[in-house]
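One file, model02.tsv, carrying TSV, C-alpha atoms and all ligand atoms:
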```tsv
chain	number	residue	atom	x	y	z
A	1	MET	CA	-33.40	95.67	-1.74
A	2	ARG	CA	-29.73	96.42	-1.20
A	3	ASN	CA	-29.90	94.43	2.10
A	4	ILE	CA	-31.51	91.43	0.37
A	5	SER	CA	-28.84	91.48	-2.30
A	6	LEU	CA	-26.13	91.53	0.31
A	7	LEU	CA	-27.77	88.60	2.13
A	8	THR	CA	-28.11	86.70	-1.12
A	9	LEU	CA	-24.53	87.47	-1.93
A	10	HIS	CA	-23.46	86.22	1.47
A	11	ARG	CA	-25.50	83.02	1.05
A	12	MET	CA	-24.05	82.51	-2.41
A	13	LYS	CA	-20.55	82.93	-1.03
A	14	THR	CA	-21.26	80.44	1.79
A	15	THR	CA	-22.77	77.91	-0.66
A	16	MET	CA	-19.80	78.29	-2.99
A	17	LYS	CA	-17.41	77.90	-0.09
A	18	ASN	CA	-19.20	74.74	1.06
A	19	SER	CA	-19.22	73.36	-2.47
A	20	LEU	CA	-15.54	74.09	-2.87
A	21	ILE	CA	-14.83	72.36	0.44
A	22	LYS	CA	-16.89	69.36	-0.72
A	23	ILE	CA	-15.06	69.22	-4.06
A	24	PHE	CA	-11.75	69.56	-2.27
A	25	LEU	CA	-12.69	66.72	0.12
A	26	LEU	CA	-13.82	64.53	-2.79
A	27	LEU	CA	-10.61	65.24	-4.67
A	28	LEU	CA	-8.62	64.47	-1.55
A	29	ALA	CA	-10.54	61.22	-1.05
A	30	SER	CA	-9.96	60.16	-4.64
A	31	LEU	CA	-6.31	61.13	-4.36
A	32	VAL	CA	-5.98	59.14	-1.16
A	33	SER	CA	-7.71	56.11	-2.67
A	34	GLY	CA	-5.60	56.52	-5.84
A	35	CYS	CA	-2.46	56.57	-3.74
A	36	LYS	CA	-3.70	53.80	-1.42
A	37	ALA	CA	-0.68	51.67	-0.75
A	38	GLU	CA	-0.58	48.65	-3.02
A	39	GLU	CA	-1.31	45.42	-1.16
A	40	SER	CA	2.01	44.40	0.38
A	41	MET	CA	3.55	41.05	-0.50
A	42	GLU	CA	2.90	40.00	3.12
A	43	GLN	CA	-0.78	40.73	2.56
A	44	VAL	CA	-0.78	38.90	-0.78
A	45	THR	CA	0.88	35.91	0.88
A	46	LYS	CA	-1.61	35.86	3.74
A	47	ARG	CA	-4.55	36.16	1.38
A	48	VAL	CA	-3.30	33.26	-0.74
A	49	PHE	CA	-2.50	30.99	2.22
A	50	ASP	CA	-5.89	31.70	3.82
A	51	LEU	CA	-7.48	30.63	0.56
A	52	ALA	CA	-5.14	27.65	0.25
A	53	ALA	CA	-6.22	26.35	3.68
A	54	VAL	CA	-9.87	26.41	2.60
A	55	GLN	CA	-9.14	24.84	-0.78
A	56	CYS	CA	-6.92	22.09	0.65
A	57	GLU	CA	-9.54	20.96	3.16
A	58	MET	CA	-12.15	20.91	0.44
A	59	MET	CA	-9.90	18.89	-1.87
A	60	ALA	CA	-8.90	16.43	0.85
A	61	GLN	CA	-12.57	15.63	1.41
A	62	SER	CA	-12.94	14.53	-2.23
A	63	LEU	CA	-10.16	11.94	-2.07
A	64	ASP	CA	-10.43	8.28	-1.21
A	65	SER	CA	-7.64	6.30	0.45
A	66	LEU	CA	-5.74	5.69	-2.80
A	67	SER	CA	-6.38	8.68	-5.02
A	68	THR	CA	-4.33	11.84	-5.40
A	69	PRO	CA	-5.53	15.05	-7.11
A	70	ARG	CA	-4.55	15.64	-10.70
A	71	SER	CA	-6.86	18.31	-12.10
A	72	PHE	CA	-10.46	19.57	-12.25
A	73	ASN	CA	-12.74	19.10	-15.26
A	74	GLY	CA	-15.23	21.84	-14.40
A	75	THR	CA	-17.55	19.58	-12.44
A	76	SER	CA	-15.42	17.07	-10.60
A	77	LEU	CA	-11.93	16.41	-9.36
A	78	VAL	CA	-9.75	14.34	-11.69
A	79	THR	CA	-7.63	11.98	-9.60
A	80	ALA	CA	-4.76	9.57	-10.20
A	81	PRO	CA	-3.04	6.82	-8.21
A	82	ALA	CA	0.28	7.41	-6.42
A	83	LYS	CA	2.29	6.24	-9.42
A	84	TRP	CA	1.20	9.33	-11.40
A	85	TRP	CA	4.15	11.73	-11.51
A	86	CYS	CA	2.25	14.45	-9.65
A	87	SER	CA	1.28	12.45	-6.55
A	88	GLY	CA	3.72	14.29	-4.26
A	89	PHE	CA	2.46	17.79	-4.97
A	90	PHE	CA	-0.76	17.82	-2.96
A	91	PRO	CA	0.94	16.40	0.16
A	92	GLY	CA	3.67	19.00	-0.35
A	93	THR	CA	1.06	21.76	-0.68
A	94	LEU	CA	-0.53	20.61	2.59
A	95	TRP	CA	2.86	20.73	4.33
A	96	LEU	CA	3.47	24.26	3.04
A	97	VAL	CA	0.05	25.42	4.22
A	98	TYR	CA	0.66	23.76	7.59
A	99	GLU	CA	4.01	25.55	7.83
A	100	TYR	CA	2.40	28.92	7.19
A	101	THR	CA	-0.75	28.48	9.31
A	102	GLY	CA	0.44	26.11	12.05
A	103	ASP	CA	-3.00	24.49	11.78
A	104	GLU	CA	-2.78	20.93	13.20
A	105	LYS	CA	-5.76	19.84	11.08
A	106	LEU	CA	-3.68	20.52	7.99
A	107	ARG	CA	-0.71	18.66	9.45
A	108	ALA	CA	-2.93	15.59	9.96
A	109	LEU	CA	-4.09	15.84	6.33
A	110	ALA	CA	-0.49	16.29	5.18
A	111	GLU	CA	0.55	13.12	7.01
A	112	ARG	CA	-2.39	11.20	5.57
A	113	GLU	CA	-1.71	12.30	2.00
A	114	THR	CA	2.07	11.83	2.28
A	115	ALA	CA	1.63	8.22	3.41
A	116	LYS	CA	-0.17	7.41	0.14
A	117	VAL	CA	3.00	8.09	-1.84
A	118	GLU	CA	5.32	5.82	0.17
A	119	PRO	CA	5.23	2.78	-2.21
A	120	ILE	CA	6.92	4.97	-4.84
A	121	LYS	CA	10.19	4.72	-2.91
A	122	TRP	CA	10.73	1.31	-4.55
A	123	VAL	CA	10.34	2.50	-8.15
A	124	THR	CA	13.65	2.17	-9.98
A	125	ASP	CA	12.63	2.84	-13.58
A	126	ASP	CA	11.10	6.31	-13.45
A	127	HIS	CA	12.81	9.66	-12.82
A	128	ASP	CA	9.64	11.15	-11.28
A	129	VAL	CA	10.42	9.42	-7.97
A	130	GLY	CA	12.28	12.62	-7.10
A	131	PHE	CA	9.21	14.83	-7.60
A	132	GLN	CA	6.94	12.37	-5.83
A	133	ILE	CA	9.03	11.73	-2.74
A	134	ASN	CA	10.90	15.00	-2.32
A	135	CYS	CA	7.78	17.20	-2.43
A	136	SER	CA	5.92	14.98	0.07
A	137	PHE	CA	8.32	13.19	2.44
A	138	GLY	CA	10.98	15.82	1.78
A	139	GLN	CA	8.68	18.56	3.09
A	140	GLN	CA	7.65	16.37	6.01
A	141	TYR	CA	11.26	15.75	6.95
A	142	ARG	CA	12.19	19.43	6.56
A	143	LEU	CA	9.36	20.54	8.84
A	144	THR	CA	9.24	17.75	11.42
A	145	GLY	CA	12.57	15.89	11.28
A	146	ASP	CA	10.52	12.67	11.22
A	147	SER	CA	12.92	9.71	11.01
A	148	HIS	CA	10.55	7.57	8.93
A	149	ALA	CA	10.30	10.36	6.34
A	150	ARG	CA	14.09	10.46	6.26
A	151	ASP	CA	14.26	6.68	5.67
A	152	VAL	CA	11.72	6.89	2.86
A	153	MET	CA	13.78	9.63	1.20
A	154	HIS	CA	16.92	7.55	1.50
A	155	THR	CA	15.34	4.47	-0.09
A	156	ALA	CA	13.78	6.60	-2.83
A	157	ALA	CA	17.06	8.35	-3.66
A	158	ARG	CA	18.79	4.99	-4.07
A	159	SER	CA	15.94	3.80	-6.28
A	160	LEU	CA	16.21	6.92	-8.44
A	161	ALA	CA	19.96	6.49	-8.84
A	162	VAL	CA	19.42	2.98	-10.30
A	163	GLY	CA	18.43	4.70	-13.56
A	164	PHE	CA	21.89	6.27	-13.90
A	165	ASN	CA	24.03	5.14	-16.82
A	166	PRO	CA	27.69	6.16	-16.31
A	167	THR	CA	28.40	5.98	-20.04
A	168	VAL	CA	25.71	8.57	-20.77
A	169	GLY	CA	26.28	10.39	-17.50
A	170	CYS	CA	22.54	10.75	-16.87
A	171	ILE	CA	19.54	9.12	-15.24
A	172	ARG	CA	17.13	7.79	-17.83
A	173	SER	CA	13.73	9.53	-18.00
A	174	TRP	CA	10.51	7.70	-18.78
A	175	SER	CA	10.39	3.96	-18.78
A	176	PHE	CA	7.73	4.02	-21.48
A	177	GLN	CA	7.44	5.20	-25.08
A	178	LEU	CA	5.28	8.31	-24.87
A	179	ASP	CA	4.69	8.88	-28.57
A	180	GLY	CA	5.54	5.45	-29.93
A	181	THR	CA	9.08	6.63	-30.66
A	182	ASN	CA	11.81	4.15	-30.01
A	183	TRP	CA	14.01	6.18	-27.78
A	184	GLN	CA	17.09	4.40	-26.57
A	185	PHE	CA	17.89	6.50	-23.53
A	186	PRO	CA	15.63	9.56	-23.25
A	187	VAL	CA	16.56	12.34	-20.85
A	188	ILE	CA	14.11	15.20	-20.36
A	189	ILE	CA	14.88	18.61	-18.88
A	190	ASP	CA	12.22	17.95	-16.20
A	191	ASN	CA	14.63	15.40	-14.75
A	192	MET	CA	16.79	18.24	-13.38
A	193	MET	CA	14.12	18.73	-10.71
A	194	ASN	CA	14.50	15.19	-9.46
A	195	LEU	CA	18.15	15.73	-8.61
A	196	GLU	CA	17.04	17.66	-5.53
A	197	LEU	CA	16.12	14.40	-3.82
A	198	LEU	CA	19.58	12.96	-4.55
A	199	LEU	CA	21.40	16.04	-3.28
A	200	SER	CA	19.26	16.38	-0.22
A	201	VAL	CA	19.78	12.72	0.78
A	202	ALA	CA	23.48	12.85	-0.15
A	203	LYS	CA	23.82	15.64	2.40
A	204	THR	CA	21.69	14.11	5.17
A	205	GLU	CA	23.17	10.63	4.85
A	206	SER	CA	26.69	11.70	3.81
A	207	GLU	CA	26.32	9.52	0.71
A	208	SER	CA	28.59	11.17	-1.83
A	209	ALA	CA	27.76	8.67	-4.61
A	210	LEU	CA	24.29	10.22	-4.85
A	211	GLU	CA	25.77	13.68	-5.25
A	212	GLU	CA	28.13	12.41	-7.97
A	213	VAL	CA	25.15	11.06	-9.91
A	214	ALA	CA	23.31	14.38	-9.60
A	215	VAL	CA	26.34	16.46	-10.63
A	216	SER	CA	27.08	14.20	-13.60
A	217	HIS	CA	23.46	14.38	-14.76
A	218	ALA	CA	23.41	18.19	-14.47
A	219	ARG	CA	26.72	18.65	-16.31
A	220	THR	CA	25.67	16.32	-19.14
A	221	THR	CA	22.36	18.18	-19.41
A	222	MET	CA	24.21	21.50	-19.46
A	223	LYS	CA	26.31	20.25	-22.37
A	224	ASN	CA	23.64	18.67	-24.56
A	225	HIS	CA	20.20	20.12	-23.83
A	226	TYR	CA	20.81	23.78	-24.68
A	227	ARG	CA	20.54	25.85	-27.82
A	228	PRO	CA	22.87	28.81	-28.37
A	229	ASP	CA	20.22	31.18	-26.96
A	230	PHE	CA	20.02	29.09	-23.75
A	231	THR	CA	16.52	27.85	-24.34
A	232	THR	CA	16.41	24.14	-23.69
A	233	TYR	CA	15.19	21.21	-25.72
A	234	HIS	CA	12.73	19.05	-23.84
A	235	LEU	CA	14.34	15.69	-24.62
A	236	VAL	CA	17.73	14.40	-25.65
A	237	ASP	CA	17.93	10.77	-26.68
A	238	TYR	CA	21.31	9.11	-26.05
A	239	ASN	CA	22.96	5.97	-27.27
A	240	PRO	CA	23.43	4.10	-23.97
A	241	ALA	CA	26.34	2.11	-25.42
A	242	ASP	CA	28.61	5.08	-26.08
A	243	GLY	CA	26.83	8.14	-24.66
A	244	SER	CA	26.47	9.87	-28.04
A	245	VAL	CA	23.45	12.07	-28.78
A	246	ILE	CA	20.97	10.49	-31.18
A	247	ARG	CA	18.47	13.35	-31.42
A	248	LYS	CA	16.84	16.29	-29.70
A	249	GLN	CA	13.11	16.95	-29.40
A	250	THR	CA	10.45	19.00	-27.64
A	251	VAL	CA	7.72	16.44	-27.07
A	252	GLN	CA	5.41	18.58	-24.90
A	253	GLY	CA	6.03	21.82	-26.78
A	254	TYR	CA	4.87	23.41	-30.03
A	255	ALA	CA	7.78	22.06	-32.11
A	256	ASP	CA	11.15	20.40	-31.62
A	257	GLU	CA	12.88	23.76	-32.04
A	258	SER	CA	10.46	25.73	-29.86
A	259	ALA	CA	10.87	26.82	-26.23
A	260	TRP	CA	8.26	24.90	-24.26
A	261	SER	CA	7.58	27.13	-21.25
A	262	ARG	CA	7.52	24.62	-18.44
A	263	GLY	CA	10.72	23.08	-19.77
A	264	GLN	CA	12.35	26.50	-19.48
A	265	ALA	CA	10.99	26.77	-15.94
A	266	TRP	CA	12.42	23.36	-14.93
A	267	SER	CA	15.68	24.45	-16.49
A	268	LEU	CA	15.91	27.68	-14.45
A	269	TYR	CA	14.87	25.98	-11.23
A	270	GLY	CA	17.11	22.96	-11.83
A	271	PHE	CA	20.36	24.88	-12.15
A	272	THR	CA	19.48	27.30	-9.35
A	273	MET	CA	18.86	24.30	-7.09
A	274	MET	CA	22.14	22.66	-8.22
A	275	TYR	CA	23.97	25.78	-7.09
A	276	ARG	CA	22.14	25.75	-3.75
A	277	PHE	CA	23.61	22.35	-2.92
A	278	THR	CA	27.01	22.39	-4.64
A	279	ARG	CA	28.05	26.08	-4.84
A	280	GLU	CA	29.66	25.22	-8.21
A	281	ALA	CA	30.12	28.41	-10.27
A	282	ASP	CA	29.16	26.82	-13.60
A	283	PHE	CA	25.71	25.93	-12.27
A	284	LEU	CA	25.15	29.51	-11.08
A	285	GLU	CA	26.35	30.84	-14.41
A	286	ARG	CA	23.94	28.59	-16.30
A	287	ALA	CA	21.06	29.63	-14.06
A	288	THR	CA	21.78	33.31	-14.66
A	289	VAL	CA	21.97	33.05	-18.45
A	290	ILE	CA	18.68	31.16	-18.46
A	291	ALA	CA	17.21	33.86	-16.20
A	292	GLU	CA	18.39	36.60	-18.56
A	293	MET	CA	16.89	34.79	-21.53
A	294	LEU	CA	13.56	34.52	-19.67
A	295	LEU	CA	13.57	38.18	-18.60
A	296	SER	CA	13.96	39.16	-22.23
A	297	ARG	CA	11.12	36.92	-23.39
A	298	LEU	CA	8.41	36.88	-20.71
A	299	PRO	CA	5.21	38.85	-21.41
A	300	GLU	CA	4.43	42.06	-19.53
A	301	ASP	CA	2.48	40.34	-16.74
A	302	GLY	CA	5.16	37.67	-16.23
A	303	ILE	CA	2.98	34.66	-17.11
A	304	PRO	CA	4.36	32.74	-20.11
A	305	TYR	CA	2.24	31.40	-22.90
A	306	TRP	CA	2.44	27.59	-22.79
A	307	ASP	CA	5.19	27.71	-25.44
A	308	PHE	CA	7.29	30.84	-26.03
A	309	ASP	CA	7.26	30.15	-29.77
A	310	SER	CA	3.62	29.37	-30.39
A	311	PRO	CA	2.62	31.15	-33.63
A	312	ASN	CA	-0.77	32.03	-32.11
A	313	ILE	CA	0.64	34.37	-29.46
A	314	PRO	CA	-1.05	36.56	-28.12
A	315	ASN	CA	-4.14	34.41	-28.76
A	316	GLU	CA	-2.69	31.49	-26.87
A	317	TYR	CA	-3.10	29.75	-23.52
A	318	ARG	CA	-0.92	30.84	-20.62
A	319	ASP	CA	0.73	28.34	-18.32
A	320	ALA	CA	0.39	29.34	-14.65
A	321	SER	CA	2.45	26.30	-13.61
A	322	ALA	CA	5.50	27.51	-15.56
A	323	ALA	CA	5.12	30.97	-13.99
A	324	ALA	CA	4.93	29.50	-10.48
A	325	VAL	CA	8.06	27.36	-10.99
A	326	MET	CA	9.91	30.35	-12.44
A	327	ALA	CA	8.82	32.64	-9.58
A	328	SER	CA	10.26	30.21	-7.06
A	329	ALA	CA	13.52	29.92	-8.99
A	330	PHE	CA	13.86	33.68	-9.66
A	331	THR	CA	13.37	34.39	-5.95
A	332	GLU	CA	16.05	31.92	-4.92
A	333	LEU	CA	18.47	32.91	-7.67
A	334	ALA	CA	18.23	36.56	-6.59
A	335	SER	CA	19.87	35.61	-3.29
A	336	TYR	CA	22.91	34.05	-5.04
A	337	VAL	CA	23.92	37.00	-7.21
A	338	GLU	CA	25.30	40.41	-6.36
A	339	ASP	CA	22.29	42.36	-7.56
A	340	GLY	CA	19.26	40.14	-7.84
A	341	SER	CA	16.75	42.97	-7.86
A	342	ARG	CA	15.61	42.29	-11.45
A	343	TYR	CA	14.99	38.63	-10.64
A	344	LEU	CA	13.04	39.56	-7.53
A	345	ALA	CA	11.05	42.11	-9.49
A	346	MET	CA	10.06	39.44	-12.01
A	347	ALA	CA	9.16	36.97	-9.24
A	348	GLU	CA	7.03	39.62	-7.56
A	349	LYS	CA	5.28	40.45	-10.81
A	350	GLN	CA	4.55	36.78	-11.46
A	351	LEU	CA	3.29	36.19	-7.92
A	352	ARG	CA	1.06	39.28	-7.98
A	353	THR	CA	-0.42	38.26	-11.33
A	354	LEU	CA	-1.02	34.70	-10.10
A	355	ALA	CA	-2.66	36.12	-6.96
A	356	SER	CA	-5.05	38.25	-9.07
A	357	PRO	CA	-8.65	37.19	-9.83
A	358	GLU	CA	-7.55	36.16	-13.34
A	359	TYR	CA	-5.57	33.22	-11.96
A	360	LEU	CA	-6.60	32.75	-8.32
A	361	ALA	CA	-9.65	30.59	-7.61
A	362	GLU	CA	-12.64	31.83	-5.66
A	363	PRO	CA	-12.95	29.94	-2.34
A	364	GLY	CA	-14.91	26.70	-2.73
A	365	THR	CA	-14.45	26.55	-6.53
A	366	ASN	CA	-11.90	25.06	-8.94
A	367	GLY	CA	-12.15	21.59	-7.35
A	368	GLY	CA	-10.10	22.82	-4.40
A	369	PHE	CA	-7.12	23.88	-6.54
A	370	ILE	CA	-5.64	27.28	-5.83
A	371	LEU	CA	-4.69	28.39	-9.34
A	372	LYS	CA	-6.48	28.30	-12.67
A	373	HIS	CA	-5.04	28.32	-16.21
A	374	SER	CA	-2.20	25.82	-16.53
A	375	VAL	CA	-1.32	23.63	-19.48
A	376	GLY	CA	-0.20	20.02	-18.97
A	377	HIS	CA	0.46	18.41	-22.35
A	378	PHE	CA	-0.85	20.55	-25.21
A	379	PRO	CA	0.26	18.40	-28.18
A	380	ALA	CA	-1.47	15.37	-26.65
A	381	GLY	CA	-4.62	17.45	-26.00
A	382	ASN	CA	-4.29	16.76	-22.26
A	383	GLU	CA	-4.89	19.23	-19.45
A	384	ILE	CA	-5.25	22.45	-21.43
A	385	ASP	CA	-6.17	25.59	-19.46
A	386	VAL	CA	-6.90	23.69	-16.25
A	387	PRO	CA	-5.77	23.71	-12.63
A	388	LEU	CA	-2.76	21.46	-11.93
A	389	SER	CA	-1.33	20.32	-8.59
A	390	TYR	CA	2.23	21.40	-9.37
A	391	ALA	CA	1.15	24.97	-10.19
A	392	ASP	CA	-0.29	25.23	-6.67
A	393	TYR	CA	2.75	23.64	-5.02
A	394	TYR	CA	5.35	25.89	-6.64
A	395	PHE	CA	3.14	28.97	-6.19
A	396	LEU	CA	3.05	28.47	-2.42
A	397	GLU	CA	6.74	27.55	-2.32
A	398	ALA	CA	7.56	30.73	-4.23
A	399	LEU	CA	5.46	32.89	-1.88
A	400	GLU	CA	7.20	31.37	1.16
A	401	LYS	CA	10.63	31.87	-0.41
A	402	PHE	CA	9.73	35.44	-1.31
A	403	ALA	CA	8.52	36.13	2.25
A	404	ASN	CA	11.79	34.75	3.67
A	405	LYS	CA	14.13	36.40	1.20
A	406	HIS	CA	15.56	38.95	3.62
B	1	LIG	N1	7.22	16.33	-16.22
B	1	LIG	C1	6.09	16.64	-16.85
B	1	LIG	C2	5.72	18.04	-17.15
B	1	LIG	O1	6.38	19.02	-16.85
B	1	LIG	O2	4.67	18.14	-17.74
```

Turn the structure described in the file into structure tokens.
Amino acid sequence: MRNISLLTLHRMKTTMKNSLIKIFLLLLASLVSGCKAEESMEQVTKRVFDLAAVQCEMMAQSLDSLSTPRSFNGTSLVTAPAKWWCSGFFPGTLWLVYEYTGDEKLRALAERETAKVEPIKWVTDDHDVGFQINCSFGQQYRLTGDSHARDVMHTAARSLAVGFNPTVGCIRSWSFQLDGTNWQFPVIIDNMMNLELLLSVAKTESESALEEVAVSHARTTMKNHYRPDFTTYHLVDYNPADGSVIRKQTVQGYADESAWSRGQAWSLYGFTMMYRFTREADFLERATVIAEMLLSRLPEDGIPYWDFDSPNIPNEYRDASAAAVMASAFTELASYVEDGSRYLAMAEKQLRTLASPEYLAEPGTNGGFILKHSVGHFPAGNEIDVPLSYADYYFLEALEKFANKH
């Protein structure tokens, strides 16, 4: 009896020991998985570009010889002709994916889609020529040095500069009356982005007049578009006869006095880009105060609601496109200041959130777009909570900039 008890005791001890080992191993496994290194930004970038290659090929198959992608309505791709302001973004996206993957199939698609936008180089009454040509032919020229791409950029930059009025000191935006308002000389903050074409061509072709136009436009915008808290109005209407300000509005935002998110994104990117080309301290200073304002106002996950001042926040749509533009600008701005770690941290947060299942499309879905959840023109009821080509373009640009930041 005593012997049996001892044996039982021994077995019990062995069982307990084994159980404790098992528990220890399970705890260790859970600890290890809990501590599993977060996906690195290199891994995030690779994952997104792998997806982008699939999505781009799918999207390219849906396009005919004249159409360019605009959005996705849940069942089919919404397209637009080259004159639509977004026509340069898909070609630019293809060039960025080609750059990352080196896949010649994507280069062929990039050349095909870029060629569609060429007629825009003759447009002299619309500021969007900068977006359209710089994101397509500009990327082609950057990556290949193609002389035809360079010529197209040169012609386009001269066309864009035709809209400059020296009395106002700006290039006119919009050749049409968007809301039936009789603007005399509207200038929108978005127009800051188009100055990149002027500055890029001014440098390549040593054409200083184009740089003077860009610098004048940026300085006039700096003076008249901003509120004391460094949020920007969307539109300033000028009297073209004497350059005086007639009124200030926020056409695509919640209200004239609200901070429309994409406008704030164009504003941050615009002045960061101005500093890249000119190294003028006032442009850097403006970019940093805008950045500080954004850091103090962005939500926890870094993705802005479509308007910072919407009264429905937090029950409001986010705008992935504004986040993508900001991420690109924050990443670049970080390299121009002494300690850019807070700007990089915000860019990283925005990129990680955009690369999460909440925003990133599943392969083969979303009409071939990479990101979900952008807002085009809320007050007009257009493109609300949809994929948009510029969200994808600036997302990939931001990831490449982030990867090359060191
Ligand atoms: N330029 C147009 C927009 O940002 O919606």

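Put simply, CA of Ser200 (chain A) is 24.7 Å away from CA of Leu106 (chain A).
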
Worksheet item: Any idea what the distance is between CA of Val123 (chain A) and CA of Gln252 (chain A)?
Response: 23.7 Å

Discussion item. Would you pick out the contacts of Ala214 (chain A) at 9 Å or less, using only C-alpha atoms, so that residues sharing its chain but fewer than 2 positions from it are not included, and give the list as a PyMOL selection string?
Written reply: chain A and resi 161+170-171+192+194-196+198-199+209-212+216-219+274

Worksheet item: Which residues come within 9 Å of region 352-363 of chain A, counting all atoms listed in the file, excluding same-chain residues fewer than 5 positions away, as a ChimeraX atom specification?
Response: /A:41,44-45,47-48,51-52,54-55,301-303,320,323-324,347,368-373,395

Practice prompt. Could you give me, as JSON, numbers by chain, every polymer residue with an atom at most 8 Å away from an atom of ligand LIG 1 (chain B), counting all atoms listed in the file?
Written response: {"A": [85, 128, 190, 191, 252, 262, 263, 266, 376, 377]}

Any chance you could export the current selection's C-alpha atoms as a tab-separated table (two decimals), keeping the file's coordinate frame?
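again.tsv was written with the following content:
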```
chain	number	residue	atom	x	y	z
A	85	TRP	CA	4.15	11.73	-11.51
A	128	ASP	CA	9.64	11.15	-11.28
A	190	ASP	CA	12.22	17.95	-16.20
A	191	ASN	CA	14.63	15.40	-14.75
A	252	GLN	CA	5.41	18.58	-24.90
A	262	ARG	CA	7.52	24.62	-18.44
A	263	GLY	CA	10.72	23.08	-19.77
A	266	TRP	CA	12.42	23.36	-14.93
A	376	GLY	CA	-0.20	20.02	-18.97
A	377	HIS	CA	0.46	18.41	-22.35
```

Practice prompt. Figure out the distance between CA of Ser175 (chain A) and CA of Arg247 (chain A), please, to one decimal in Å.
Written response: 17.7 Å

Discussion item. I'd like the contact shell of Thr124 (chain A) - 9 Å cut-off, only C-alpha atoms, skipping same-chain residues fewer than 4 positions apart - returned as a PyMOL selection string.
Written reply: chain A and resi 120+129+156+158-163

Worksheet item: Using all atoms listed in the file, which residue out of A:Asp237, A:Asp307, A:Glu99, A:Glu39 lies closest to Val187 (chain A)?
Response: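 Closest residue, counting all atoms listed in the file: A:Asp237.
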
Can I get region 129-133 of chain A with all heavy atoms filled in, as a short mmCIF file (atom, residue, chain, number, x, y, z; two decimals), keeping the file's coordinate frame?
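Result written to result29.cif:
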```cif
data_model
loop_
_atom_site.label_atom_id
_atom_site.label_comp_id
_atom_site.auth_asym_id
_atom_site.auth_seq_id
_atom_site.Cartn_x
_atom_site.Cartn_y
_atom_site.Cartn_z
N VAL A 129 10.30 9.76 -9.39
CA VAL A 129 10.42 9.42 -7.97
C VAL A 129 10.91 10.65 -7.17
O VAL A 129 10.49 10.87 -6.04
CB VAL A 129 11.42 8.24 -7.79
CG1 VAL A 129 11.77 8.03 -6.33
CG2 VAL A 129 10.82 6.98 -8.39
N GLY A 130 11.77 11.43 -7.78
CA GLY A 130 12.28 12.62 -7.10
C GLY A 130 11.17 13.61 -6.81
O GLY A 130 11.04 14.11 -5.69
N PHE A 131 10.35 13.93 -7.82
CA PHE A 131 9.21 14.83 -7.60
C PHE A 131 8.30 14.26 -6.51
O PHE A 131 7.87 14.95 -5.59
CB PHE A 131 8.34 14.92 -8.88
CG PHE A 131 8.76 15.94 -9.89
CD1 PHE A 131 9.05 15.56 -11.20
CD2 PHE A 131 8.80 17.29 -9.59
CE1 PHE A 131 9.40 16.49 -12.17
CE2 PHE A 131 9.14 18.23 -10.56
CZ PHE A 131 9.44 17.83 -11.85
N GLN A 132 7.97 12.98 -6.68
CA GLN A 132 6.94 12.37 -5.83
C GLN A 132 7.36 12.33 -4.36
O GLN A 132 6.57 12.66 -3.48
CB GLN A 132 6.62 10.95 -6.34
CG GLN A 132 5.89 10.98 -7.68
CD GLN A 132 6.06 9.67 -8.46
OE1 GLN A 132 7.17 9.24 -8.74
NE2 GLN A 132 4.95 9.05 -8.80
N ILE A 133 8.59 11.92 -4.13
CA ILE A 133 9.03 11.73 -2.74
C ILE A 133 9.58 13.02 -2.13
O ILE A 133 9.34 13.32 -0.96
CB ILE A 133 10.08 10.60 -2.66
CG1 ILE A 133 9.45 9.27 -3.11
CG2 ILE A 133 10.67 10.49 -1.25
CD1 ILE A 133 8.34 8.72 -2.22
#
```
